[in-house]
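Content type compact mmCIF, C-alpha atoms, from the file input-v5.txt:
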```txt
# COMPACT_ATOMS: atom_id res chain seq x y z
CA MET A 1 -25.06 -29.16 45.26
CA GLN A 2 -27.63 -31.87 44.67
CA GLN A 3 -25.62 -33.04 41.65
CA LEU A 4 -22.49 -33.21 43.74
CA VAL A 5 -24.23 -35.33 46.38
CA ASN A 6 -25.64 -37.55 43.62
CA ALA A 7 -22.18 -37.94 42.10
CA ILE A 8 -20.69 -38.86 45.47
CA ILE A 9 -23.42 -41.44 46.07
CA ARG A 10 -22.96 -42.81 42.57
CA PHE A 11 -19.19 -43.15 42.82
CA ARG A 12 -19.09 -43.97 46.51
CA ASN A 13 -17.41 -47.34 45.97
CA GLY A 14 -14.63 -45.75 43.96
CA LEU A 15 -14.18 -43.07 46.61
CA VAL A 16 -14.23 -45.62 49.44
CA TYR A 17 -11.67 -47.68 47.54
CA LEU A 18 -9.40 -44.65 47.04
CA MET A 19 -9.69 -43.80 50.72
CA LEU A 20 -8.92 -47.34 51.89
CA ILE A 21 -6.03 -47.89 49.47
CA SER A 22 -4.53 -44.54 50.53
CA LEU A 23 -4.82 -45.61 54.15
CA SER A 24 -3.11 -48.92 53.32
CA ILE A 25 -0.29 -47.16 51.46
CA PHE A 26 0.08 -44.72 54.34
CA LEU A 27 0.40 -47.64 56.76
CA LEU A 28 2.84 -49.32 54.40
CA GLN A 29 5.02 -46.30 53.76
CA GLN A 30 5.03 -44.62 57.14
CA SER A 31 8.63 -44.47 58.18
CA SER A 32 8.17 -44.51 61.95
CA ALA A 33 9.73 -47.70 63.19
CA TYR A 34 7.88 -47.18 66.46
CA HIS A 35 4.41 -47.47 64.93
CA ARG A 36 5.45 -50.39 62.79
CA SER A 37 6.82 -52.22 65.77
CA LEU A 38 3.75 -51.35 67.86
CA VAL A 39 1.56 -53.25 65.40
CA ALA A 40 4.18 -55.97 65.24
CA ASN A 41 3.94 -56.28 69.01
CA VAL A 42 0.20 -56.98 68.76
CA GLY A 43 1.15 -59.56 66.14
CA VAL A 44 3.54 -61.21 68.59
CA PHE A 45 0.77 -61.54 71.12
CA PHE A 46 -1.62 -63.25 68.68
CA GLY A 47 0.72 -64.78 66.14
CA ALA A 48 3.31 -66.23 68.50
CA GLN A 49 0.81 -68.52 70.21
CA PHE A 50 -0.22 -70.09 66.89
CA SER A 51 3.29 -70.30 65.52
CA ASP A 52 4.39 -71.99 68.70
CA ILE A 53 1.78 -74.74 68.38
CA ILE A 54 2.71 -75.32 64.74
CA ASN A 55 6.38 -75.25 65.52
CA SER A 56 5.93 -78.00 68.11
CA PHE A 57 4.58 -80.25 65.32
CA THR A 58 6.98 -79.32 62.55
CA SER A 59 10.01 -79.62 64.82
CA TYR A 60 9.46 -83.39 64.90
CA THR A 61 9.74 -83.66 61.14
CA ASN A 62 12.96 -81.64 61.09
CA LEU A 63 14.71 -83.49 63.91
CA ARG A 64 17.44 -85.02 61.78
CA GLU A 65 18.28 -81.71 60.16
CA SER A 66 18.23 -79.88 63.53
CA ASN A 67 20.50 -82.50 65.05
CA ASN A 68 23.07 -82.04 62.34
CA ARG A 69 22.92 -78.28 62.67
CA LEU A 70 23.24 -78.49 66.46
CA LEU A 71 26.27 -80.71 66.13
CA GLN A 72 27.90 -78.19 63.81
CA GLU A 73 26.95 -75.29 66.08
CA ASN A 74 28.33 -77.07 69.15
CA GLN A 75 31.55 -77.69 67.34
CA ILE A 76 31.93 -74.06 66.36
CA LEU A 77 30.93 -72.88 69.86
CA LEU A 78 33.51 -75.14 71.41
CA ASP A 79 36.12 -73.67 69.11
CA GLN A 80 35.04 -70.20 70.15
CA ILE A 81 35.30 -71.02 73.87
CA LEU A 82 38.81 -72.30 73.32
CA TYR A 83 39.61 -69.17 71.36
CA LYS A 84 38.06 -66.93 74.01
CA GLU A 85 40.48 -68.03 76.66
CA LYS A 86 43.14 -66.12 74.82
CA LEU A 87 41.06 -62.91 74.75
CA PRO A 88 41.25 -60.17 77.39
CA SER A 89 39.02 -60.83 80.38
CA ASP A 90 36.44 -58.18 79.43
CA SER A 91 35.01 -60.47 76.76
CA LEU A 92 34.00 -62.90 79.50
CA TYR A 93 31.40 -60.52 80.85
CA TYR A 94 28.92 -61.76 78.30
CA SER A 95 26.57 -64.66 78.90
CA SER A 96 24.04 -66.13 76.50
CA ILE A 97 20.45 -67.38 76.70
CA PRO A 98 19.25 -69.93 74.10
CA LEU A 99 15.97 -69.09 72.34
CA GLN A 100 13.90 -70.98 69.83
CA VAL A 101 12.88 -69.14 66.65
CA ILE A 102 9.18 -69.71 66.04
CA ARG A 103 8.68 -67.29 63.18
CA ASN A 104 11.18 -65.68 60.89
CA SER A 105 10.32 -63.47 57.94
CA PHE A 106 12.83 -62.56 55.24
CA THR A 107 10.78 -61.59 52.19
CA ASN A 108 9.71 -58.07 53.27
CA SER A 109 11.72 -54.87 53.61
CA TYR A 110 11.25 -54.82 57.37
CA ASN A 111 11.62 -58.32 58.75
CA TYR A 112 11.11 -59.54 62.28
CA ILE A 113 11.88 -62.70 64.23
CA THR A 114 9.48 -64.10 66.83
CA LEU A 115 11.12 -66.05 69.63
CA LYS A 116 9.97 -68.46 72.29
CA GLY A 117 11.32 -67.01 75.51
CA GLY A 118 10.73 -63.67 77.15
CA MET A 119 11.01 -61.90 80.49
CA ASN A 120 10.63 -65.22 82.32
CA SER A 121 13.81 -66.50 80.66
CA GLY A 122 15.70 -63.28 81.40
CA ILE A 123 15.32 -61.65 78.00
CA LYS A 124 15.57 -57.86 77.95
CA ASN A 125 15.18 -55.19 75.30
CA GLU A 126 18.14 -54.47 73.03
CA MET A 127 19.83 -57.81 73.56
CA GLY A 128 21.76 -58.96 70.51
CA LEU A 129 20.86 -62.31 68.92
CA VAL A 130 23.59 -64.52 67.53
CA THR A 131 24.24 -68.05 66.33
CA ALA A 132 27.55 -69.80 65.98
CA GLN A 133 27.65 -68.59 62.36
CA GLY A 134 26.98 -64.91 63.00
CA ILE A 135 24.62 -62.20 64.16
CA VAL A 136 20.86 -62.48 63.61
CA GLY A 137 19.03 -59.49 65.11
CA VAL A 138 18.25 -57.31 68.11
CA VAL A 139 15.47 -57.94 70.65
CA GLN A 140 12.87 -55.22 70.46
CA PHE A 141 9.77 -56.29 72.37
CA VAL A 142 9.65 -58.62 75.34
CA GLN A 143 6.56 -60.24 76.77
CA ALA A 144 6.41 -62.85 79.53
CA ARG A 145 6.92 -65.94 77.36
CA TYR A 146 7.60 -64.56 73.88
CA SER A 147 9.68 -61.81 72.40
CA GLN A 148 10.20 -60.19 69.05
CA ALA A 149 13.43 -59.08 67.48
CA ILE A 150 14.31 -56.87 64.53
CA SER A 151 16.02 -59.13 62.02
CA ILE A 152 19.30 -57.92 60.53
CA LEU A 153 17.25 -58.14 57.31
CA ASN A 154 15.40 -54.97 58.30
CA LYS A 155 16.13 -51.67 56.58
CA ASP A 156 15.79 -49.80 59.89
CA LEU A 157 18.66 -51.60 61.60
CA LYS A 158 22.24 -50.30 61.44
CA ILE A 159 24.99 -52.36 63.02
CA ASN A 160 28.46 -51.27 63.95
CA ALA A 161 30.94 -53.57 62.18
CA LYS A 162 34.65 -53.65 61.47
CA LEU A 163 37.18 -55.31 59.23
CA LYS A 164 38.89 -58.20 60.96
CA ASN A 165 42.30 -57.40 59.52
CA SER A 166 42.52 -53.68 60.06
CA ASN A 167 40.02 -52.52 62.73
CA HIS A 168 38.42 -49.99 60.36
CA PHE A 169 34.80 -49.46 61.39
CA GLY A 170 31.70 -49.10 59.25
CA SER A 171 27.93 -49.23 59.37
CA LEU A 172 26.23 -52.45 58.29
CA THR A 173 22.72 -52.24 56.77
CA TRP A 174 20.43 -54.35 54.63
CA THR A 175 19.35 -52.85 51.31
CA GLY A 176 16.37 -55.13 50.90
CA ASP A 177 17.52 -57.17 47.88
CA ASP A 178 18.98 -60.46 48.87
CA PRO A 179 18.65 -62.21 52.26
CA THR A 180 22.23 -63.50 51.96
CA LYS A 181 23.85 -60.10 51.38
CA MET A 182 24.29 -56.86 53.35
CA LYS A 183 26.11 -53.57 52.73
CA LEU A 184 28.90 -52.04 54.77
CA PHE A 185 29.13 -48.25 54.45
CA ASP A 186 31.43 -45.59 55.85
CA VAL A 187 34.65 -47.62 55.67
CA PRO A 188 37.33 -45.04 54.73
CA LYS A 189 39.51 -45.63 51.69
CA THR A 190 42.57 -45.60 53.88
CA ALA A 191 41.64 -49.21 54.71
CA THR A 192 43.10 -51.93 52.52
CA ILE A 193 40.39 -54.40 51.62
CA LYS A 194 40.05 -57.37 49.32
CA ILE A 195 37.31 -59.83 48.41
CA GLY A 196 37.04 -62.58 51.02
CA ASP A 197 38.05 -60.41 54.00
CA THR A 198 36.09 -61.20 57.17
CA ILE A 199 33.75 -58.66 58.77
CA GLN A 200 33.13 -58.75 62.51
CA THR A 201 31.00 -56.88 65.03
CA GLY A 202 32.60 -53.63 66.13
CA GLY A 203 31.55 -53.87 69.78
CA MET A 204 30.82 -50.15 70.11
CA SER A 205 27.54 -50.81 71.91
CA THR A 206 26.18 -53.15 74.57
CA ILE A 207 24.16 -55.09 71.97
CA PHE A 208 26.84 -57.24 70.37
CA PRO A 209 30.21 -58.15 71.86
CA PRO A 210 33.19 -57.28 69.66
CA ASN A 211 34.76 -59.73 67.20
CA LEU A 212 31.70 -61.88 66.43
CA PRO A 213 31.70 -63.11 62.84
CA ILE A 214 29.21 -61.49 60.42
CA GLY A 215 30.29 -62.32 56.89
CA SER A 216 32.92 -61.88 54.24
CA ILE A 217 33.41 -59.24 51.55
CA SER A 218 31.90 -60.52 48.31
CA ASN A 219 32.23 -57.33 46.29
CA PHE A 220 33.18 -53.66 46.73
CA VAL A 221 32.97 -50.43 44.76
CA ASP A 222 35.78 -47.90 44.84
CA ASP A 223 33.90 -44.79 43.71
CA PRO A 224 36.43 -41.93 43.15
CA SER A 225 33.78 -39.28 43.99
CA THR A 226 33.60 -40.35 47.66
CA SER A 227 36.18 -41.11 50.29
CA PHE A 228 34.39 -44.24 51.49
CA TYR A 229 34.05 -47.74 50.07
CA ASP A 230 30.70 -49.29 49.17
CA ILE A 231 31.17 -52.89 50.35
CA GLU A 232 28.90 -55.88 49.78
CA ILE A 233 28.99 -58.55 52.50
CA SER A 234 28.04 -62.17 52.10
CA LEU A 235 26.55 -63.29 55.43
CA PHE A 236 27.89 -66.41 57.15
CA GLN A 237 24.50 -67.06 58.76
CA ASP A 238 21.74 -68.32 56.44
CA MET A 239 18.93 -66.00 57.56
CA THR A 240 16.29 -68.10 55.82
CA ASN A 241 17.04 -71.06 58.08
CA LEU A 242 17.13 -70.24 61.78
CA GLY A 243 16.62 -72.84 64.51
CA THR A 244 18.02 -71.88 67.89
CA VAL A 245 19.59 -68.47 68.50
CA PHE A 246 21.39 -67.06 71.53
CA ALA A 247 20.54 -63.75 73.20
CA ILE A 248 23.67 -62.01 74.45
CA ASP A 249 23.40 -60.64 77.95
CA HIS A 250 25.79 -57.87 78.89
CA PRO A 251 25.55 -57.58 82.70
CA LEU A 252 26.82 -54.01 82.59
CA ALA A 253 24.41 -52.94 79.82
CA GLU A 254 22.29 -50.72 82.07
CA GLU A 255 25.35 -49.07 83.62
CA VAL A 256 26.92 -48.39 80.23
CA GLN A 257 23.63 -47.04 78.86
CA SER A 258 23.14 -44.70 81.83
CA VAL A 259 26.70 -43.39 81.41
CA GLN A 260 26.06 -42.82 77.69
CA GLN A 261 22.76 -41.09 78.50
CA SER A 262 24.29 -38.76 81.06
CA THR A 263 27.07 -37.88 78.58
CA ASN A 264 24.48 -37.10 75.92
CA GLU A 265 22.53 -34.86 78.31
CA LYS A 266 25.64 -32.80 78.99
CA MET B 1 -28.51 -59.48 60.74
CA LYS B 2 -29.26 -62.13 58.16
CA SER B 3 -28.51 -65.67 59.23
CA ARG B 4 -26.39 -66.29 56.12
CA SER B 5 -23.90 -63.68 57.37
CA TYR B 6 -22.88 -65.89 60.26
CA PRO B 7 -20.66 -68.27 58.26
CA PHE B 8 -18.83 -65.27 56.79
CA ILE B 9 -18.18 -63.80 60.23
CA ALA B 10 -16.70 -67.18 61.17
CA TYR B 11 -14.61 -67.29 57.94
CA PHE B 12 -13.42 -63.74 58.65
CA PHE B 13 -11.90 -64.76 61.97
CA LEU B 14 -10.98 -68.40 61.36
CA LEU B 15 -9.42 -68.39 57.86
CA PRO B 16 -6.47 -66.11 58.81
CA ILE B 17 -5.82 -68.26 61.91
CA LEU B 18 -5.91 -71.38 59.74
CA GLN B 19 -3.55 -69.63 57.31
CA VAL B 20 -0.98 -68.86 60.02
CA MET B 21 -1.30 -72.22 61.75
CA VAL B 22 -1.44 -74.53 58.77
CA PHE B 23 -0.97 -73.07 55.29
CA ASP B 24 1.99 -70.81 56.10
CA GLN B 25 3.87 -74.02 56.85
CA PHE B 26 3.26 -75.39 53.31
CA ASP B 27 6.07 -73.41 51.77
CA LEU B 28 7.86 -76.52 50.44
CA GLY B 29 11.21 -75.07 51.45
CA THR B 30 10.71 -72.27 48.92
CA GLN B 31 9.28 -68.87 49.72
CA LEU B 32 5.92 -69.77 48.13
CA VAL B 33 2.93 -69.75 50.47
CA PRO B 34 -0.65 -70.60 49.41
CA HIS B 35 -2.95 -67.68 50.35
CA VAL B 36 -6.10 -69.67 51.14
CA THR B 37 -7.45 -66.66 53.05
CA LEU B 38 -8.66 -65.42 49.66
CA LEU B 39 -11.61 -67.83 49.99
CA PHE B 40 -13.31 -65.15 52.09
CA LEU B 41 -13.05 -62.57 49.31
CA ILE B 42 -14.09 -65.13 46.69
CA PHE B 43 -17.23 -66.44 48.37
CA TYR B 44 -18.47 -63.27 50.05
CA PRO B 45 -22.09 -62.82 48.78
CA THR B 46 -22.15 -60.95 45.48
CA ASP B 47 -25.52 -59.34 46.19
CA ALA B 48 -24.28 -57.79 49.45
CA ASP B 49 -23.56 -54.06 49.64
CA GLN B 50 -20.32 -53.41 47.74
CA THR B 51 -19.29 -50.54 50.04
CA PHE B 52 -19.64 -52.76 53.10
CA TYR B 53 -17.69 -55.47 51.25
CA LEU B 54 -14.82 -53.00 50.65
CA PHE B 55 -14.65 -52.14 54.36
CA ALA B 56 -14.85 -55.82 55.29
CA ALA B 57 -12.01 -56.64 52.87
CA PHE B 58 -9.91 -53.80 54.28
CA LEU B 59 -10.40 -54.95 57.89
CA TYR B 60 -9.74 -58.55 56.82
CA GLY B 61 -6.47 -57.43 55.20
CA LEU B 62 -5.47 -55.49 58.32
CA TYR B 63 -6.19 -58.55 60.45
CA LEU B 64 -3.90 -60.60 58.18
CA ASP B 65 -1.28 -57.83 58.36
CA ILE B 66 -1.29 -57.97 62.15
CA LEU B 67 -0.85 -61.75 62.09
CA HIS B 68 1.99 -61.54 59.57
CA SER B 69 3.60 -58.23 60.69
CA THR B 70 3.27 -56.82 57.16
CA MET B 71 1.62 -53.42 57.92
CA GLY B 72 -0.93 -52.47 55.26
CA LEU B 73 0.30 -54.83 52.55
CA GLN B 74 -2.53 -57.38 52.79
CA ALA B 75 -5.03 -54.56 53.38
CA ALA B 76 -4.05 -52.92 50.07
CA ALA B 77 -4.13 -56.25 48.21
CA CYS B 78 -7.47 -57.38 49.66
CA VAL B 79 -9.24 -54.06 49.14
CA THR B 80 -8.08 -53.89 45.50
CA ALA B 81 -9.26 -57.45 44.83
CA ALA B 82 -12.61 -56.57 46.48
CA PHE B 83 -12.96 -53.37 44.45
CA LEU B 84 -12.34 -55.15 41.14
CA ARG B 85 -14.48 -58.20 41.97
CA PRO B 86 -17.69 -56.90 40.25
CA PHE B 87 -15.70 -56.43 37.01
CA ILE B 88 -14.25 -59.94 37.30
CA ILE B 89 -17.71 -61.42 37.89
CA THR B 90 -19.06 -59.64 34.82
CA SER B 91 -16.17 -60.80 32.67
CA VAL B 92 -16.25 -64.43 33.87
CA PHE B 93 -19.95 -65.09 34.46
CA GLY B 94 -21.53 -62.55 32.12
CA LYS B 95 -23.57 -59.41 32.72
CA ASN B 96 -26.68 -61.12 34.10
CA HIS B 97 -24.84 -62.58 37.04
CA GLY B 98 -25.12 -59.45 39.16
CA TYR B 99 -27.91 -60.76 41.38
CA VAL B 100 -27.00 -64.43 41.53
CA ASN B 101 -24.59 -65.58 44.20
CA ILE B 102 -21.54 -67.64 43.41
CA ARG B 103 -22.28 -70.95 45.02
CA LEU B 104 -19.80 -73.69 45.56
CA GLN B 105 -22.26 -76.44 44.66
CA GLN B 106 -23.99 -74.88 41.65
CA THR B 107 -21.28 -72.93 39.85
CA PRO B 108 -19.17 -75.06 37.46
CA LEU B 109 -15.69 -75.70 38.83
CA LEU B 110 -14.04 -74.37 35.66
CA ALA B 111 -15.83 -71.01 35.91
CA LEU B 112 -15.12 -70.92 39.64
CA SER B 113 -11.42 -71.54 38.94
CA ALA B 114 -11.25 -68.80 36.31
CA TYR B 115 -12.95 -66.38 38.70
CA SER B 116 -10.60 -67.39 41.55
CA LEU B 117 -7.55 -67.03 39.29
CA ASN B 118 -8.49 -63.42 38.56
CA ILE B 119 -8.94 -62.60 42.25
CA VAL B 120 -5.62 -64.33 43.07
CA LEU B 121 -3.75 -62.50 40.29
CA ILE B 122 -5.02 -59.07 41.37
CA HIS B 123 -4.34 -59.77 45.03
CA HIS B 124 -0.82 -61.06 44.35
CA MET B 125 0.01 -58.28 41.91
CA VAL B 126 -0.74 -55.60 44.51
CA PHE B 127 0.91 -57.71 47.20
CA TYR B 128 4.17 -57.92 45.26
CA VAL B 129 4.18 -54.45 43.68
CA PHE B 130 3.69 -52.76 47.07
CA GLY B 131 5.59 -55.29 49.13
CA VAL B 132 8.77 -55.69 47.16
CA SER B 133 11.69 -54.02 48.85
CA SER B 134 13.80 -53.44 45.79
CA TRP B 135 13.22 -53.69 42.04
CA SER B 136 16.81 -54.62 41.35
CA GLN B 137 15.68 -58.25 41.49
CA TRP B 138 12.61 -57.76 39.29
CA LEU B 139 13.02 -61.13 37.62
CA TRP B 140 12.82 -62.87 40.99
CA VAL B 141 9.72 -60.81 41.88
CA ILE B 142 7.95 -61.74 38.63
CA ARG B 143 8.85 -65.39 39.05
CA GLN B 144 7.64 -65.31 42.65
CA PHE B 145 4.39 -63.60 41.59
CA ILE B 146 3.64 -66.18 38.87
CA PHE B 147 4.52 -69.27 40.89
CA GLU B 148 2.83 -68.14 44.09
CA SER B 149 -0.37 -67.25 42.15
CA LEU B 150 -0.42 -70.73 40.58
CA TYR B 151 0.41 -72.39 43.89
CA THR B 152 -2.42 -70.52 45.64
CA LEU B 153 -4.85 -71.36 42.82
CA LEU B 154 -3.93 -75.03 43.10
CA TYR B 155 -4.83 -75.03 46.80
CA LEU B 156 -8.06 -73.08 46.22
CA ILE B 157 -9.20 -75.51 43.52
CA ALA B 158 -8.30 -78.49 45.69
CA ILE B 159 -10.25 -77.07 48.66
CA MET B 160 -13.27 -76.21 46.50
CA PHE B 161 -13.16 -79.67 44.89
CA LEU B 162 -13.00 -81.43 48.26
CA LEU B 163 -15.81 -79.33 49.76
CA ARG B 164 -18.04 -80.05 46.72
CA LYS B 165 -17.38 -83.78 46.98
CA ASN B 166 -18.14 -83.71 50.69
CA LYS B 167 -21.45 -81.94 50.33
CA GLN B 168 -22.59 -84.15 47.46
```

Please lay out the structure from this file as structure tokens.
Amino acid sequence: MQQLVNAIIRFRNGLVYLMLISLSIFLLQQSSAYHRSLVANVGVFFGAQFSDIINSFTSYTNLRESNNRLLQENQILLDQILYKEKLPSDSLYYSSIPLQVIRNSFTNSYNYITLKGGMNSGIKNEMGLVTAQGIVGVVQFVQARYSQAISILNKDLKINAKLKNSNHFGSLTWTGDDPTKMKLFDVPKTATIKIGDTIQTGGMSTIFPPNLPIGSISNFVDDPSTSFYDIEISLFQDMTNLGTVFAIDHPLAEEVQSVQQSTNEK
Amino acid sequence: MKSRSYPFIAYFFLLPILQVMVFDQFDLGTQLVPHVTLLFLIFYPTDADQTFYLFAAFLYGLYLDILHSTMGLQAAACVTAAFLRPFIITSVFGKNHGYVNIRLQQTPLLALSAYSLNIVLIHHMVFYVFGVSSWSQWLWVIRQFIFESLYTLLYLIAIMFLLRKNKQ
């Protein structure tokens, strides 16, 4: 017994190291998105304040670049408004709230976006974030002045998407490799697809309105052992360079969600 | 509590804030960020209790994780660098260095740089091995590891050089 105690005392640093590294790996590997986002929420509280101060300085140096991007975005938005007039009236339910991105990660497996703007600006949980080029993420935590969103570059997020040409639906996820690429699964082989086809939001939830651009097919695998395609999407939106994003507000979101909930309970 | 612990308590809290506010912005349009927070692990007294140092490094890593939303990644990297530090000190400064602290003013800059490089390499290796989301782009990961280590080392040497000049 005495020898055992002596051995523990002697190798205590090694044991402490093993314990701490196991704890780190546990934190790293734990699959619960809830716990991960809980810690991320604490990060928003502390980190957002600092990032905001820094952002107010760096935004001066990037003014020319931001101006050019805003011009392009305005142009595309204007085109979309003109296009929208031809759509059925239900697409006009949506309104948008502009938000400034103050922190955006894209090098990890689970990336988040911190935004300036929260409850005070009318931001709510589960609002979709878009730019003129495409979708960006989904709001997950809202505080008074700041909020945090799950980036589309987050392995936990699955987005309902469809092919523009044929209305076949699939599930869009990020595999963690390349911030410019995503994968579209569950598109049946009955669909005719080719490289370059546009992918849009499916609109089967209150998060994103239907028919928003996401990306184009850059590659696909036709594996004979399954009845679904494995499609690689090249995103229209450069996720490594985000300035201003728009949160999509669906005024009927709560109603739709309560209907869905009551259906699920039955 | 010894009075010389006070600066390290300040470094513990201030360096990560400085990292988020200032050095995270120095990415030069690439994804390379200088991890100057490693100064805490580098200059923590070598004659202090190693077990306490391991816990301090772990908490320091967790604090960085919270600021960066990385969940355990910095904690694993910092605690590994802290665990291997005695071996690095022995290999860089020799066996008799165990009871002499590494001091910014007295230790030659070359030896200090070699010692820092080892800490940076270990930290970054764990950081990338555990943090990488997919090994399909292993070449990118290795390139990122090498360049970010060198970029961090460059900043550490510059900071140490400036602080030495100032104090002289």

* **Residues within 6 Å of Ser234 of chain A, only C-alpha atoms, excluding chain neighbours under 2 positions, as a PyMOL selection string** => chain A and resi 180-181+215-216+218

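Applying a distance limit of 7 Å to only C-alpha atoms, the residues of chain B near chain A read Met21, Gln50, Thr51, Leu54, Phe58, Ile66, Leu67, His68, Ser69, Met71, Gly72, Leu73, Ala75, Ala76, Val79, Phe83, Gly131, Val132, Ser133, Ser134 and Gln137 of chain B.
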
Selection from above, C-alpha atoms, as a PDB file, in the coordinates of the input, can you write it?
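Written output follows (result37.pdb):
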```pdb
ATOM      1  CA  MET B  21      -1.300 -72.220  61.750  1.00  0.00           C
ATOM      2  CA  GLN B  50     -20.320 -53.410  47.740  1.00  0.00           C
ATOM      3  CA  THR B  51     -19.290 -50.540  50.040  1.00  0.00           C
ATOM      4  CA  LEU B  54     -14.820 -53.000  50.650  1.00  0.00           C
ATOM      5  CA  PHE B  58      -9.910 -53.800  54.280  1.00  0.00           C
ATOM      6  CA  ILE B  66      -1.290 -57.970  62.150  1.00  0.00           C
ATOM      7  CA  LEU B  67      -0.850 -61.750  62.090  1.00  0.00           C
ATOM      8  CA  HIS B  68       1.990 -61.540  59.570  1.00  0.00           C
ATOM      9  CA  SER B  69       3.600 -58.230  60.690  1.00  0.00           C
ATOM     10  CA  MET B  71       1.620 -53.420  57.920  1.00  0.00           C
ATOM     11  CA  GLY B  72      -0.930 -52.470  55.260  1.00  0.00           C
ATOM     12  CA  LEU B  73       0.300 -54.830  52.550  1.00  0.00           C
ATOM     13  CA  ALA B  75      -5.030 -54.560  53.380  1.00  0.00           C
ATOM     14  CA  ALA B  76      -4.050 -52.920  50.070  1.00  0.00           C
ATOM     15  CA  VAL B  79      -9.240 -54.060  49.140  1.00  0.00           C
ATOM     16  CA  PHE B  83     -12.960 -53.370  44.450  1.00  0.00           C
ATOM     17  CA  GLY B 131       5.590 -55.290  49.130  1.00  0.00           C
ATOM     18  CA  VAL B 132       8.770 -55.690  47.160  1.00  0.00           C
ATOM     19  CA  SER B 133      11.690 -54.020  48.850  1.00  0.00           C
ATOM     20  CA  SER B 134      13.800 -53.440  45.790  1.00  0.00           C
ATOM     21  CA  GLN B 137      15.680 -58.250  41.490  1.00  0.00           C
TER      22      GLN B 137
END
```

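The gap separating atom CA of Thr46 of chain B from atom CA of Ala10 of chain B is 17.7 Å, in Å to one decimal.
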
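If you look at atom CA of Asn120 of chain A and atom CA of Ala144 of chain A, they are 5.6 Å away from each other.
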
* **9 Å contact set for Phe23 of chain B, only C-alpha atoms, chain neighbours under 2 positions out, as a list in words** => Leu18, Gln19, Val20, Met21, Gln25, Phe26, Asp27, Val33, Pro34, His35 and Val36 of chain B

Same residues, C-alpha atoms, saved as a compact mmCIF listing (two decimals), in the frame of the given file:
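Full text of out_31.txt as output:
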```
# COMPACT_ATOMS: atom_id res chain seq x y z
CA LEU B 18 -5.91 -71.38 59.74
CA GLN B 19 -3.55 -69.63 57.31
CA VAL B 20 -0.98 -68.86 60.02
CA MET B 21 -1.30 -72.22 61.75
CA GLN B 25 3.87 -74.02 56.85
CA PHE B 26 3.26 -75.39 53.31
CA ASP B 27 6.07 -73.41 51.77
CA VAL B 33 2.93 -69.75 50.47
CA PRO B 34 -0.65 -70.60 49.41
CA HIS B 35 -2.95 -67.68 50.35
CA VAL B 36 -6.10 -69.67 51.14
```

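Note that the spacing between atom CA of Met1 of chain A and atom CA of Phe55 of chain B amounts to 26.8 Å.
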
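The residue that comes closest to Asp249 of chain A, out of A:Gln3, A:Asn211, A:Thr190, A:Ser121 and on the basis of only C-alpha atoms, is A:Ser121.
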
* List every protein, DNA or RNA residue with an atom no more than 12 Å from (23.0, -58.5, 67.2) in the file's coordinates, counting only C-alpha atoms, and format the result as a ChimeraX atom specification. => /A:125-131,134-140,149-153,157-161,172,200-214,245-249

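Across B:Ala56, B:Leu110, B:Leu150, B:Val129, the tightest approach to Tyr44 of chain B is made by B:Ala56 when counting only C-alpha atoms.
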
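You can rank B:Ile42, B:Phe52, B:Ile102, B:Gln74 by their closest distance to Pro16 of chain B using all atoms listed in the file, and at the top of that list sits B:Gln74.
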
* Nearest residue to Ile199 of chain A from the set A:Ser227, A:Ser166, A:Asn264, A:Gln100 (distances using all atoms listed in the file) -> A:Ser166

As a PDB file, keeping the file's coordinate frame, please: segment 18-26 of chain A completed to N, CA and C atoms.
```pdb
ATOM      1  N   LEU A  18     -10.547 -45.563  47.024  1.00  0.00           N
ATOM      2  CA  LEU A  18      -9.400 -44.650  47.040  1.00  0.00           C
ATOM      3  C   LEU A  18      -8.975 -44.315  48.474  1.00  0.00           C
ATOM      4  N   MET A  19      -9.984 -44.131  49.331  1.00  0.00           N
ATOM      5  CA  MET A  19      -9.690 -43.800  50.720  1.00  0.00           C
ATOM      6  C   MET A  19      -8.960 -44.967  51.410  1.00  0.00           C
ATOM      7  N   LEU A  20      -9.491 -46.181  51.214  1.00  0.00           N
ATOM      8  CA  LEU A  20      -8.920 -47.340  51.890  1.00  0.00           C
ATOM      9  C   LEU A  20      -7.523 -47.692  51.362  1.00  0.00           C
ATOM     10  N   ILE A  21      -7.349 -47.553  50.036  1.00  0.00           N
ATOM     11  CA  ILE A  21      -6.030 -47.890  49.470  1.00  0.00           C
ATOM     12  C   ILE A  21      -5.003 -46.835  49.924  1.00  0.00           C
ATOM     13  N   SER A  22      -5.453 -45.571  50.039  1.00  0.00           N
ATOM     14  CA  SER A  22      -4.530 -44.540  50.530  1.00  0.00           C
ATOM     15  C   SER A  22      -4.115 -44.838  51.956  1.00  0.00           C
ATOM     16  N   LEU A  23      -5.093 -45.266  52.747  1.00  0.00           N
ATOM     17  CA  LEU A  23      -4.820 -45.610  54.150  1.00  0.00           C
ATOM     18  C   LEU A  23      -3.822 -46.771  54.223  1.00  0.00           C
ATOM     19  N   SER A  24      -4.024 -47.763  53.335  1.00  0.00           N
ATOM     20  CA  SER A  24      -3.110 -48.920  53.320  1.00  0.00           C
ATOM     21  C   SER A  24      -1.696 -48.473  52.950  1.00  0.00           C
ATOM     22  N   ILE A  25      -1.613 -47.606  51.904  1.00  0.00           N
ATOM     23  CA  ILE A  25      -0.290 -47.160  51.460  1.00  0.00           C
ATOM     24  C   ILE A  25       0.373 -46.314  52.554  1.00  0.00           C
ATOM     25  N   PHE A  26      -0.454 -45.522  53.236  1.00  0.00           N
ATOM     26  CA  PHE A  26       0.080 -44.720  54.340  1.00  0.00           C
ATOM     27  C   PHE A  26       0.680 -45.640  55.414  1.00  0.00           C
TER      28      PHE A  26
END
```
